[in-house]
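Text of run06.txt, listed as compact mmCIF, C-alpha atoms:
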# COMPACT_ATOMS: atom_id res chain seq x y z
CA MET T 1 123.85 133.39 128.22
CA ALA T 2 121.79 135.85 130.27
CA LEU T 3 119.29 138.12 128.52
CA LEU T 4 121.21 141.33 129.30
CA GLU T 5 124.70 139.89 129.50
CA GLY T 6 127.28 142.51 128.56
CA VAL T 7 125.06 145.46 129.52
CA ARG T 8 126.61 147.71 132.18
CA VAL T 9 124.45 149.89 134.42
CA LEU T 10 125.60 152.61 136.81
CA ASP T 11 123.05 152.96 139.59
CA ILE T 12 123.27 156.22 141.54
CA SER T 13 119.73 155.93 142.84
CA GLN T 14 118.58 155.02 146.34
CA ILE T 15 115.65 153.91 148.51
CA MET T 16 113.16 152.11 146.22
CA ALA T 17 112.12 153.23 142.72
CA GLY T 18 115.58 153.34 141.14
CA PRO T 19 116.99 150.37 143.08
CA TYR T 20 113.98 148.24 142.13
CA CYS T 21 114.53 149.08 138.46
CA THR T 22 118.23 148.23 138.57
CA MET T 23 117.63 145.07 140.62
CA VAL T 24 115.41 143.69 137.86
CA LEU T 25 118.01 144.65 135.24
CA GLY T 26 120.49 142.70 137.35
CA ASP T 27 118.13 139.73 137.60
CA LEU T 28 118.07 139.71 133.80
CA GLY T 29 121.84 139.54 133.61
CA ALA T 30 123.06 143.14 133.38
CA GLU T 31 126.13 144.15 135.36
CA ILE T 32 124.95 146.64 137.98
CA ILE T 33 127.49 148.94 139.63
CA LYS T 34 125.74 150.63 142.55
CA VAL T 35 127.48 153.89 143.46
CA GLU T 36 126.80 155.00 147.03
CA LYS T 37 127.72 158.16 148.89
CA LEU T 38 130.38 158.10 151.61
CA ASP T 39 128.07 159.27 154.38
CA GLY T 40 126.08 156.12 155.10
CA GLY T 41 125.40 155.10 151.51
CA ASP T 42 121.89 154.40 150.23
CA ASP T 43 119.44 155.78 152.80
CA SER T 44 117.67 152.42 152.92
CA ARG T 45 120.74 151.06 154.75
CA GLN T 46 119.41 152.98 157.77
CA MET T 47 115.96 151.36 157.56
CA GLY T 48 115.20 148.42 159.83
CA PRO T 49 114.67 145.70 160.67
CA PHE T 50 118.36 144.86 161.01
CA VAL T 51 120.10 141.49 161.25
CA ASN T 52 123.65 141.62 162.62
CA GLY T 53 123.62 145.35 161.92
CA GLU T 54 122.68 144.99 158.24
CA SER T 55 119.44 146.46 156.88
CA THR T 56 117.08 143.82 155.54
CA CYS T 57 115.25 146.56 153.61
CA PHE T 58 118.44 147.24 151.65
CA PHE T 59 119.00 143.49 151.31
CA GLN T 60 115.61 142.90 149.67
CA ILE T 61 116.00 145.40 146.82
CA ASN T 62 119.71 145.45 145.98
CA ARG T 63 120.62 141.90 145.01
CA ASN T 64 122.70 141.20 141.90
CA LYS T 65 124.66 144.45 142.27
CA LYS T 66 128.29 145.34 142.86
CA GLY T 67 128.53 148.06 145.47
CA ILE T 68 131.10 150.85 145.44
CA VAL T 69 131.43 153.96 147.59
CA LEU T 70 132.48 157.10 145.72
CA ASP T 71 132.23 160.79 146.60
CA ILE T 72 130.97 162.36 143.39
CA LYS T 73 130.81 165.76 145.12
CA ASN T 74 134.61 165.64 145.19
CA GLU T 75 136.28 166.63 141.91
CA THR T 76 138.54 163.57 141.94
CA GLY T 77 135.61 161.32 142.73
CA ARG T 78 133.59 162.90 139.96
CA GLU T 79 136.39 162.26 137.46
CA LEU T 80 136.37 158.61 138.50
CA PHE T 81 132.61 158.54 137.93
CA TYR T 82 133.15 160.00 134.47
CA GLU T 83 135.56 157.18 133.67
CA LEU T 84 132.97 154.63 134.77
CA ALA T 85 130.27 156.44 132.78
CA LYS T 86 132.35 156.12 129.61
CA THR T 87 132.10 152.33 129.94
CA ALA T 88 128.38 152.21 130.81
CA ASP T 89 125.32 151.56 128.67
CA ILE T 90 122.77 152.85 131.20
CA ILE T 91 122.73 155.24 134.16
CA VAL T 92 119.82 155.38 136.62
CA GLU T 93 119.41 158.24 139.11
CA ASN T 94 116.59 159.51 141.31
CA PHE T 95 117.84 162.83 142.65
CA ARG T 96 115.54 165.82 142.78
CA PRO T 97 115.68 167.63 139.41
CA GLY T 98 118.62 170.01 139.29
CA VAL T 99 120.82 168.08 141.71
CA THR T 100 122.65 166.06 139.06
CA LYS T 101 123.38 169.28 137.18
CA SER T 102 124.83 170.87 140.30
CA LEU T 103 126.93 167.73 140.80
CA LYS T 104 127.96 167.83 137.11
CA VAL T 105 126.74 164.29 136.48
CA ASP T 106 123.57 165.25 134.57
CA TYR T 107 122.57 163.81 131.20
CA GLU T 108 124.03 166.60 129.10
CA THR T 109 127.39 166.29 130.84
CA ILE T 110 127.51 162.50 130.57
CA LYS T 111 126.28 162.59 126.95
CA ARG T 112 129.38 164.56 125.96
CA LEU T 113 131.52 161.74 127.38
CA ASN T 114 129.34 158.88 126.16
CA PRO T 115 126.92 159.89 123.35
CA GLY T 116 125.18 156.51 123.38
CA ILE T 117 124.32 156.56 127.07
CA ILE T 118 120.76 155.79 128.15
CA TYR T 119 120.29 158.04 131.16
CA CYS T 120 117.17 157.47 133.23
CA SER T 121 115.98 160.06 135.74
CA ILE T 122 113.27 159.04 138.21
CA SER T 123 111.74 161.87 140.21
CA GLY T 124 108.56 162.85 141.97
CA TYR T 125 107.10 165.04 139.22
CA GLY T 126 109.44 164.76 136.24
CA GLN T 127 112.19 166.99 134.89
CA THR T 128 109.82 169.67 133.56
CA GLY T 129 106.55 171.30 134.60
CA PRO T 130 105.50 173.55 137.48
CA TYR T 131 106.03 170.87 140.15
CA SER T 132 109.37 169.56 138.89
CA HIS T 133 111.32 171.31 141.66
CA LYS T 134 109.41 169.49 144.41
CA GLY T 135 110.62 166.39 146.16
CA GLY T 136 108.46 163.38 145.45
CA PHE T 137 107.41 160.52 147.70
CA ASP T 138 105.18 157.54 147.13
CA LEU T 139 102.37 158.56 149.49
CA VAL T 140 102.36 162.14 148.23
CA ALA T 141 101.99 160.78 144.68
CA GLN T 142 99.18 158.47 145.81
CA GLY T 143 97.34 161.51 147.12
CA MET T 144 98.04 163.84 144.22
CA SER T 145 97.18 161.34 141.50
CA GLY T 146 93.75 160.62 142.98
CA LEU T 147 94.54 157.04 144.01
CA MET T 148 93.83 157.66 147.68
CA SER T 149 90.43 159.18 146.85
CA MET T 150 89.50 155.86 145.23
CA THR T 151 90.89 153.61 147.95
CA GLY T 152 89.08 152.53 151.09
CA GLU T 153 85.39 152.41 151.95
CA PRO T 154 82.73 154.85 150.77
CA GLY T 155 82.37 157.66 153.28
CA GLY T 156 85.63 156.80 155.04
CA ARG T 157 88.88 158.72 155.19
CA PRO T 158 91.26 158.38 152.23
CA LEU T 159 93.50 155.31 152.43
CA LYS T 160 96.84 154.53 150.88
CA SER T 161 97.62 151.34 149.03
CA GLY T 162 98.99 148.50 151.14
CA ILE T 163 102.39 148.77 149.42
CA ALA T 164 104.56 151.55 147.95
CA VAL T 165 102.70 151.20 144.67
CA TYR T 166 104.12 154.30 142.95
CA ASP T 167 107.72 153.73 144.01
CA ILE T 168 107.56 150.24 142.54
CA GLY T 169 105.41 151.50 139.63
CA ALA T 170 107.99 154.16 138.78
CA GLY T 171 110.70 151.48 138.91
CA ILE T 172 108.74 149.27 136.53
CA THR T 173 107.98 152.20 134.21
CA ALA T 174 111.67 153.13 134.19
CA LEU T 175 112.57 149.51 133.48
CA TYR T 176 110.47 149.06 130.35
CA SER T 177 111.37 152.55 129.16
CA ILE T 178 115.08 151.83 129.51
CA LEU T 179 114.70 148.56 127.63
CA ALA T 180 112.78 150.33 124.85
CA ALA T 181 115.50 153.00 124.65
CA TYR T 182 118.14 150.25 124.54
CA ILE T 183 116.40 148.58 121.59
CA TYR T 184 116.26 151.99 119.87
CA LYS T 185 119.98 152.41 120.50
CA GLN T 186 120.64 148.98 118.98
CA ARG T 187 118.92 150.15 115.78
CA THR T 188 120.24 153.72 115.59
CA GLY T 189 123.27 153.98 117.84
CA GLU T 190 121.61 156.87 119.66
CA GLY T 191 121.24 157.12 123.41
CA GLN T 192 118.69 159.34 125.13
CA HIS T 193 117.36 160.78 128.37
CA VAL T 194 114.46 158.85 129.93
CA ASP T 195 112.30 160.98 132.26
CA VAL T 196 110.04 159.04 134.68
CA SER T 197 107.73 160.59 137.29
CA LEU T 198 106.17 158.92 140.35
CA ALA T 199 103.15 161.19 140.07
CA GLU T 200 102.52 160.20 136.44
CA CYS T 201 103.46 156.53 136.23
CA GLY T 202 100.17 155.32 137.70
CA LEU T 203 97.74 157.55 135.82
CA PRO T 204 97.47 155.22 132.79
CA TRP T 205 96.45 152.42 135.18
CA PHE T 206 93.13 154.17 135.89
CA THR T 207 91.37 152.54 132.95
CA TRP T 208 87.83 151.96 134.24
CA GLU T 209 87.93 155.27 136.09
CA ALA T 210 89.00 157.15 132.95
CA ALA T 211 86.30 155.39 130.94
CA ALA T 212 83.60 156.72 133.26
CA PHE T 213 85.01 160.21 133.80
CA PHE T 214 85.88 161.05 130.19
CA SER T 215 82.55 159.73 128.92
CA ASN T 216 80.06 161.05 131.46
CA GLY T 217 82.00 163.01 134.07
CA THR T 218 81.72 160.47 136.87
CA VAL T 219 84.34 161.19 139.54
CA PRO T 220 85.45 157.80 140.89
CA GLY T 221 85.16 157.25 144.61
CA PRO T 222 86.26 154.37 146.83
CA THR T 223 84.59 151.00 146.33
CA GLY T 224 86.03 149.19 149.32
CA TRP T 225 86.15 145.45 148.67
CA ARG T 226 84.16 145.58 145.41
CA HIS T 227 85.25 145.92 141.80
CA ARG T 228 84.30 149.17 140.12
CA VAL T 229 82.41 147.82 137.09
CA SER T 230 81.78 144.09 137.60
CA ALA T 231 79.50 142.36 140.13
CA PRO T 232 79.77 140.20 142.08
CA TYR T 233 83.52 140.69 141.89
CA GLN T 234 84.44 141.30 145.51
CA ALA T 235 85.25 139.95 148.95
CA LEU T 236 82.49 137.94 150.59
CA LYS T 237 82.21 136.73 154.16
CA THR T 238 81.95 132.99 154.77
CA ARG T 239 81.41 131.20 158.07
CA ASN T 240 85.10 131.41 159.02
CA GLY T 241 86.58 134.26 157.00
CA TYR T 242 86.54 136.02 153.66
CA ILE T 243 87.08 134.83 150.12
CA MET T 244 87.48 136.79 146.91
CA LEU T 245 84.84 135.96 144.29
CA GLY T 246 85.45 136.92 140.68
CA CYS T 247 82.28 136.84 138.60
CA ALA T 248 83.65 139.26 136.06
CA ASN T 249 81.37 138.17 133.22
CA GLN T 250 77.86 136.80 132.63
CA ARG T 251 79.01 133.21 132.18
CA THR T 252 80.68 133.00 135.58
CA TRP T 253 77.63 134.63 137.20
CA GLU T 254 75.44 131.95 135.71
CA LYS T 255 77.75 129.18 136.92
CA LEU T 256 77.77 130.71 140.39
CA CYS T 257 73.99 130.69 140.62
CA GLN T 258 73.46 127.27 139.06
CA GLU T 259 76.41 125.20 140.26
CA VAL T 260 77.81 126.87 143.38
CA ILE T 261 75.04 128.41 145.45
CA GLY T 262 71.94 126.73 143.98
CA LYS T 263 70.06 129.92 143.21
CA PRO T 264 69.04 129.58 139.51
CA GLU T 265 66.06 131.85 140.16
CA TRP T 266 68.44 134.79 140.60
CA LEU T 267 69.24 134.58 136.89
CA GLU T 268 65.73 135.84 136.13
CA ASP T 269 65.63 138.39 138.94
CA PRO T 270 65.42 141.80 137.22
CA ARG T 271 67.79 143.24 139.83
CA PHE T 272 70.56 140.85 138.78
CA LYS T 273 70.00 139.93 135.12
CA THR T 274 72.90 141.88 133.65
CA ASN T 275 76.20 143.08 135.00
CA SER T 276 74.85 146.63 134.96
CA ASP T 277 71.81 145.55 136.97
CA ARG T 278 74.01 143.79 139.48
CA GLY T 279 76.24 146.84 139.76
CA VAL T 280 73.29 149.11 140.54
CA ASN T 281 71.99 146.64 143.14
CA VAL T 282 75.32 145.43 144.46
CA GLU T 283 74.56 146.09 148.13
CA THR T 284 71.39 144.02 147.97
CA LEU T 285 73.19 141.31 146.03
CA GLU T 286 76.05 141.25 148.51
CA ALA T 287 73.71 140.83 151.48
CA LEU T 288 71.92 137.93 149.79
CA LEU T 289 75.18 136.25 148.78
CA GLU T 290 76.61 136.50 152.28
CA GLU T 291 73.48 134.91 153.72
CA VAL T 292 74.36 131.89 151.62
CA PHE T 293 78.14 131.98 152.00
CA GLN T 294 78.01 132.25 155.81
CA THR T 295 76.35 128.84 156.02
CA GLU T 296 79.67 127.09 155.21
CA ASP T 297 83.42 127.54 155.72
CA ARG T 298 85.51 129.21 153.05
CA ALA T 299 87.21 125.91 152.09
CA HIS T 300 83.80 124.54 151.11
CA TRP T 301 83.02 127.48 148.85
CA LEU T 302 86.48 127.57 147.30
CA GLN T 303 86.15 123.90 146.41
CA LYS T 304 82.72 124.43 144.87
CA CYS T 305 83.91 127.44 142.88
CA GLU T 306 86.90 125.45 141.64
CA ALA T 307 84.68 122.58 140.52
CA ALA T 308 82.33 124.97 138.70
CA GLY T 309 85.08 127.05 137.07
CA VAL T 310 84.12 130.20 138.97
CA PRO T 311 87.25 132.26 139.79
CA ALA T 312 87.68 132.55 143.55
CA GLY T 313 90.50 132.52 146.05
CA PRO T 314 91.40 133.02 149.68
CA ILE T 315 92.32 136.39 151.14
CA ASN T 316 95.72 135.49 152.51
CA ASN T 317 97.92 137.26 154.99
CA PHE T 318 101.64 137.60 154.26
CA ASN T 319 102.49 134.42 156.18
CA ASP T 320 99.98 132.48 154.08
CA VAL T 321 101.47 133.87 150.87
CA VAL T 322 105.07 132.88 151.52
CA GLN T 323 104.00 129.32 152.38
CA ASP T 324 101.62 128.86 149.47
CA PRO T 325 102.61 125.68 147.58
CA HIS T 326 101.97 127.30 144.21
CA TYR T 327 104.41 130.15 144.85
CA LEU T 328 106.94 127.71 146.30
CA GLU T 329 106.81 125.40 143.28
CA ARG T 330 107.17 128.39 140.94
CA GLY T 331 110.35 129.52 142.70
CA MET T 332 108.89 132.72 144.10
CA ILE T 333 110.51 132.29 147.51
CA GLU T 334 114.29 131.98 147.37
CA GLU T 335 116.91 131.83 150.08
CA ILE T 336 120.34 133.34 149.64
CA GLU T 337 123.45 133.55 151.80
CA HIS T 338 124.64 137.00 152.86
CA PRO T 339 128.13 137.43 154.36
CA VAL T 340 126.80 139.24 157.46
CA ILE T 341 123.06 138.53 157.66
CA GLY T 342 123.48 134.82 156.91
CA LYS T 343 120.68 132.92 155.21
CA MET T 344 117.74 135.17 154.32
CA LYS T 345 114.71 134.63 152.14
CA MET T 346 113.49 136.96 149.42
CA PHE T 347 110.96 136.92 146.63
CA GLY T 348 112.12 135.28 143.42
CA ILE T 349 111.93 136.37 139.79
CA PRO T 350 108.33 136.47 138.51
CA THR T 351 109.00 136.07 134.78
CA LYS T 352 109.90 132.58 133.61
CA PHE T 353 112.00 132.62 130.43
CA SER T 354 112.35 129.37 128.49
CA ALA T 355 115.75 130.11 126.96
CA ALA T 356 117.53 132.50 129.31
CA PRO T 357 116.00 132.54 132.78
CA GLY T 358 116.78 135.29 135.24
CA GLN T 359 119.03 134.40 138.16
CA ILE T 360 119.78 135.63 141.66
CA LYS T 361 123.56 135.41 141.58
CA MET T 362 124.57 137.40 144.64
CA PRO T 363 123.07 139.17 147.65
CA ALA T 364 122.99 142.91 148.18
CA PRO T 365 126.52 144.26 148.59
CA LEU T 366 128.10 145.29 151.85
CA PHE T 367 128.91 148.99 152.08
CA GLY T 368 131.81 149.50 149.65
CA GLN T 369 132.26 145.76 149.14
CA HIS T 370 133.29 146.00 145.48
CA THR T 371 134.96 149.43 145.35
CA ASP T 372 138.46 148.12 144.72
CA GLU T 373 137.30 145.35 142.39
CA VAL T 374 135.26 147.67 140.16
CA LEU T 375 137.72 150.56 140.02
CA SER T 376 140.65 148.28 139.26
CA SER T 377 138.95 146.01 136.73
CA THR T 378 136.84 148.68 135.00
CA ILE T 379 139.10 151.72 134.84
CA GLY T 380 142.47 150.21 135.71
CA LEU T 381 143.33 151.80 139.06
CA THR T 382 146.30 150.29 140.87
CA GLU T 383 146.41 149.23 144.51
CA GLU T 384 148.55 152.27 145.31
CA GLN T 385 146.05 154.61 143.64
CA LEU T 386 143.18 153.02 145.55
CA THR T 387 145.03 153.43 148.84
CA GLU T 388 145.70 157.09 148.07
CA LEU T 389 142.05 157.75 147.10
CA ARG T 390 140.88 156.09 150.29
CA SER T 391 143.23 158.23 152.39
CA GLN T 392 141.71 161.30 150.69
CA ALA T 393 138.16 160.11 151.54
CA VAL T 394 137.26 159.93 147.85
CA ILE T 395 136.36 156.24 148.05
CA LYS T 396 135.60 153.73 150.76

structure tokens encoding of this file:
Amino acid sequence: MALLEGVRVLDISQIMAGPYCTMVLGDLGAEIIKVEKLDGGDDSRQMGPFVNGESTCFFQINRNKKGIVLDIKNETGRELFYELAKTADIIVENFRPGVTKSLKVDYETIKRLNPGIIYCSISGYGQTGPYSHKGGFDLVAQGMSGLMSMTGEPGGRPLKSGIAVYDIGAGITALYSILAAYIYKQRTGEGQHVDVSLAECGLPWFTWEAAAFFSNGTVPGPTGWRHRVSAPYQALKTRNGYIMLGCANQRTWEKLCQEVIGKPEWLEDPRFKTNSDRGVNVETLEALLEEVFQTEDRAHWLQKCEAAGVPAGPINNFNDVVQDPHYLERGMIEEIEHPVIGKMKMFGIPTKFSAAPGQIKMPAPLFGQHTDEVLSSTIGLTEEQLTELRSQAVIK
């Protein structure tokens, strides 16, 4: 039995944050019914690269979902959505605040039909507040939240994260919030509205930065390849490339000096005795370390760090990652058959459950692939009714 078997989710979100959230719910066994608009569906279907005309962006984030096409702007289509909503446990949407109300599919409307519904809204700035009316995008949130001011090299221009960190972060925040609300519903029978904001989801992640600012007013700047509060915890150049060295405490620093680089005298050097000393003198320390590390290849230093118990690792590119034997053995690269794309790889499920493991059961749906199946099995429409709705451009 899957962890979330018997849980039904209506997904009227698109692009990334909402679809990521519902994909994980699907991985955990929930039934996901993805409702797409008639005009092209989820906007990520128009994002390349394409294989045989199908978007691989859409493919990567919409597995384990049944896909239907329904015009909820149309009164008949909206009534069909209401019928689906009556059977659902969870609804996830990421329209700009106010749009669901204008479409008459907002929380208050759905709550009257299904009082126990857990209705999650993901937006740029949340459902309230002076910015709530604005559209929200990952990079805008990275700028507004201060993340870009902390990313990159000191003195350089602001840099974004290498991935859509707030889109995915909002999806993860929505996910654990929905699950918490579901547990609450199991205890009380009460549903609720879950309000998640891209611009807020990452703020609690700024732990070291908040520690400094709220205690002594330090405004965090970019630290490049170095950790903010531990040293040496950073990228270092070897003879043939970079490695990441993680001396995040005094014990690993001592092992580094004694067992890896043969510099026990550095343990008594007043510039490097404590983590605070090393942080103040990190540029000097980095130059001295790289003098040593550039005498050998990175494989040599990784082996020595491993033997000494000093955390270290390679700085891989994407090709290295997807071929790493550890990730392969842990099932983090899976291949699945798609009816149009064919065989395509994707990342696997990162959490390993002993009793009820997650499962990739089906690829992302074709546009409207499950419309007839869902509407007939869930709300009892006949073949004749489906044909009539399709002729009226209510479904596809």

**Item:** Within 10 Å of T:Asn52 using all atoms listed in the file, minus same-chain residues under 2 positions, as a list in words
**Value:** Phe50, Glu54, Ser55, Thr56, Val340, Ile341 and Gly342 of chain T

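Close contacts of T:Arg96, defined as residues with an atom at most 10 Å away when counting only C-alpha atoms, with chain neighbours fewer than 3 positions off set aside, comprise Glu93, Val99, Thr100, Ser121, Ile122, Ser123, Gly124, Tyr125, Gly126, Gln127, Ser132, His133, Lys134, Gly135 and Gly136 of chain T.
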
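Shortest separation to T:Thr22 among T:Phe318, T:Tyr176, T:Phe81, T:Tyr166 occurs at residue T:Tyr176, atoms counted being all atoms listed in the file.
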
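Atom CA of T:Ala170 sits 15.5 Å away from atom CA of T:His193.
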
**Request:** Select, from T:Gly221, T:Pro314, T:Gly162, T:Pro339, the residue with the minimum atom-to-atom distance to T:Phe367, counting all atoms listed in the file.
**Result:** T:Pro339

**Prompt:** When distances are computed from only C-alpha atoms, which of T:Asn216, T:Thr87, T:Gln186, T:Ser230 shows the smallest separation from T:Leu375?
**Reply:** T:Thr87

**Asked** Around (107.4, 158.6, 147.2) in the file's own coordinates, what residues are found within 7 Å if you use only C-alpha atoms, given back as a ChimeraX atom specification?
**Response** /T:124,136-141,166-167,198

**Request:** Give me, please, the distance in Å between atom CA of T:Gly217 and atom CA of T:Gly246, quoted to one decimal.
**Result:** 27.1 Å

**Request:** For T:Leu386, list every protein, DNA or RNA residue within 9 Å, evaluated using all atoms listed in the file, and leave out those in the same chain fewer than 4 positions away; present the list as a PyMOL selection string.
**Result:** chain T and resi 371-372+375-376+381-382+390-391+395

**Point-to-point distance in Å for atom CA of T:Gln192 and atom CA of T:Ala17** = 19.7 Å

**Message:** Could you check the closest approach to T:Pro232 for each of T:Ala312, T:Ala393, T:Ala212, T:Ala164 and tell me which residue wins, using all atoms listed in the file?
**Reply:** T:Ala312

**Request:** For the point (102.7, 153.1, 136.8) in the file's frame, write as a ChimeraX atom specification all residues with an atom no more than 6 Å away, counting only C-alpha atoms.
**Result:** /T:169-170,173,201-202

**Message:** For T:Lys343, find every residue with an atom within 12 Å (counting only C-alpha atoms), except residues of its own chain fewer than 5 positions away, and show them as a ChimeraX atom specification.
**Reply:** /T:51-52,56,59,334-338,363

**Message:** So that I can see what lies close to T:Leu38, please list as a ChimeraX atom specification the residues with an atom at most 9 Å from it, counting only C-alpha atoms and leaving out residues fewer than 5 positions away in the same chain.
**Reply:** /T:69-71,368,393-396

Incomplete stretch 97-123 of chain T brought to N, CA and C atoms, written out as an mmCIF file, in the coordinates of the input:
data_model
loop_
_atom_site.group_PDB
_atom_site.id
_atom_site.type_symbol
_atom_site.label_atom_id
_atom_site.label_comp_id
_atom_site.auth_asym_id
_atom_site.auth_seq_id
_atom_site.Cartn_x
_atom_site.Cartn_y
_atom_site.Cartn_z
ATOM 1 N N PRO T 97 115.198 166.928 140.603
ATOM 2 C CA PRO T 97 115.680 167.630 139.410
ATOM 3 C C PRO T 97 116.558 168.827 139.755
ATOM 4 N N GLY T 98 117.660 168.936 139.053
ATOM 5 C CA GLY T 98 118.620 170.010 139.290
ATOM 6 C C GLY T 98 119.841 169.569 140.073
ATOM 7 N N VAL T 99 119.701 168.514 140.883
ATOM 8 C CA VAL T 99 120.820 168.080 141.710
ATOM 9 C C VAL T 99 121.945 167.489 140.859
ATOM 10 N N THR T 100 121.586 166.652 139.885
ATOM 11 C CA THR T 100 122.650 166.060 139.060
ATOM 12 C C THR T 100 123.398 167.139 138.277
ATOM 13 N N LYS T 101 122.699 168.187 137.884
ATOM 14 C CA LYS T 101 123.380 169.280 137.180
ATOM 15 C C LYS T 101 124.357 169.988 138.102
ATOM 16 N N SER T 102 123.938 170.219 139.350
ATOM 17 C CA SER T 102 124.830 170.870 140.300
ATOM 18 C C SER T 102 126.036 169.996 140.627
ATOM 19 N N LEU T 103 125.837 168.667 140.564
ATOM 20 C CA LEU T 103 126.930 167.730 140.800
ATOM 21 C C LEU T 103 127.774 167.491 139.547
ATOM 22 N N LYS T 104 127.303 168.002 138.410
ATOM 23 C CA LYS T 104 127.960 167.830 137.110
ATOM 24 C C LYS T 104 127.976 166.368 136.662
ATOM 25 N N VAL T 105 126.895 165.665 136.972
ATOM 26 C CA VAL T 105 126.740 164.290 136.480
ATOM 27 C C VAL T 105 125.387 164.144 135.777
ATOM 28 N N ASP T 106 124.865 165.244 135.251
ATOM 29 C CA ASP T 106 123.570 165.250 134.570
ATOM 30 C C ASP T 106 123.710 164.644 133.170
ATOM 31 N N TYR T 107 122.567 164.458 132.516
ATOM 32 C CA TYR T 107 122.570 163.810 131.200
ATOM 33 C C TYR T 107 123.425 164.542 130.185
ATOM 34 N N GLU T 108 123.289 165.854 130.106
ATOM 35 C CA GLU T 108 124.030 166.600 129.100
ATOM 36 C C GLU T 108 125.541 166.463 129.298
ATOM 37 N N THR T 109 125.963 166.450 130.550
ATOM 38 C CA THR T 109 127.390 166.290 130.840
ATOM 39 C C THR T 109 127.868 164.896 130.443
ATOM 40 N N ILE T 110 127.117 163.880 130.856
ATOM 41 C CA ILE T 110 127.510 162.500 130.570
ATOM 42 C C ILE T 110 127.418 162.210 129.069
ATOM 43 N N LYS T 111 126.452 162.814 128.393
ATOM 44 C CA LYS T 111 126.280 162.590 126.950
ATOM 45 C C LYS T 111 127.518 163.038 126.180
ATOM 46 N N ARG T 112 128.178 164.101 126.649
ATOM 47 C CA ARG T 112 129.380 164.560 125.960
ATOM 48 C C ARG T 112 130.512 163.532 126.085
ATOM 49 N N LEU T 113 130.498 162.772 127.165
ATOM 50 C CA LEU T 113 131.520 161.740 127.380
ATOM 51 C C LEU T 113 131.140 160.425 126.714
ATOM 52 N N ASN T 114 129.842 160.159 126.660
ATOM 53 C CA ASN T 114 129.340 158.880 126.160
ATOM 54 C C ASN T 114 128.039 159.149 125.402
ATOM 55 N N PRO T 115 128.122 159.495 124.107
ATOM 56 C CA PRO T 115 126.920 159.890 123.350
ATOM 57 C C PRO T 115 125.833 158.837 123.299
ATOM 58 N N GLY T 116 126.189 157.568 123.459
ATOM 59 C CA GLY T 116 125.180 156.510 123.380
ATOM 60 C C GLY T 116 124.536 156.154 124.690
ATOM 61 N N ILE T 117 124.832 156.921 125.743
ATOM 62 C CA ILE T 117 124.320 156.560 127.070
ATOM 63 C C ILE T 117 122.792 156.662 127.126
ATOM 64 N N ILE T 118 122.179 155.705 127.792
ATOM 65 C CA ILE T 118 120.760 155.790 128.150
ATOM 66 C C ILE T 118 120.722 156.209 129.604
ATOM 67 N N TYR T 119 120.229 157.408 129.849
ATOM 68 C CA TYR T 119 120.290 158.040 131.160
ATOM 69 C C TYR T 119 118.876 158.200 131.673
ATOM 70 N N CYS T 120 118.542 157.454 132.715
ATOM 71 C CA CYS T 120 117.170 157.470 133.230
ATOM 72 C C CYS T 120 117.094 158.254 134.533
ATOM 73 N N SER T 121 116.227 159.252 134.544
ATOM 74 C CA SER T 121 115.980 160.060 135.740
ATOM 75 C C SER T 121 114.596 159.733 136.282
ATOM 76 N N ILE T 122 114.541 159.315 137.533
ATOM 77 C CA ILE T 122 113.270 159.040 138.210
ATOM 78 C C ILE T 122 113.093 160.092 139.288
ATOM 79 N N SER T 123 111.980 160.815 139.229
ATOM 80 C CA SER T 123 111.740 161.870 140.210
ATOM 81 C C SER T 123 110.264 161.916 140.571
#
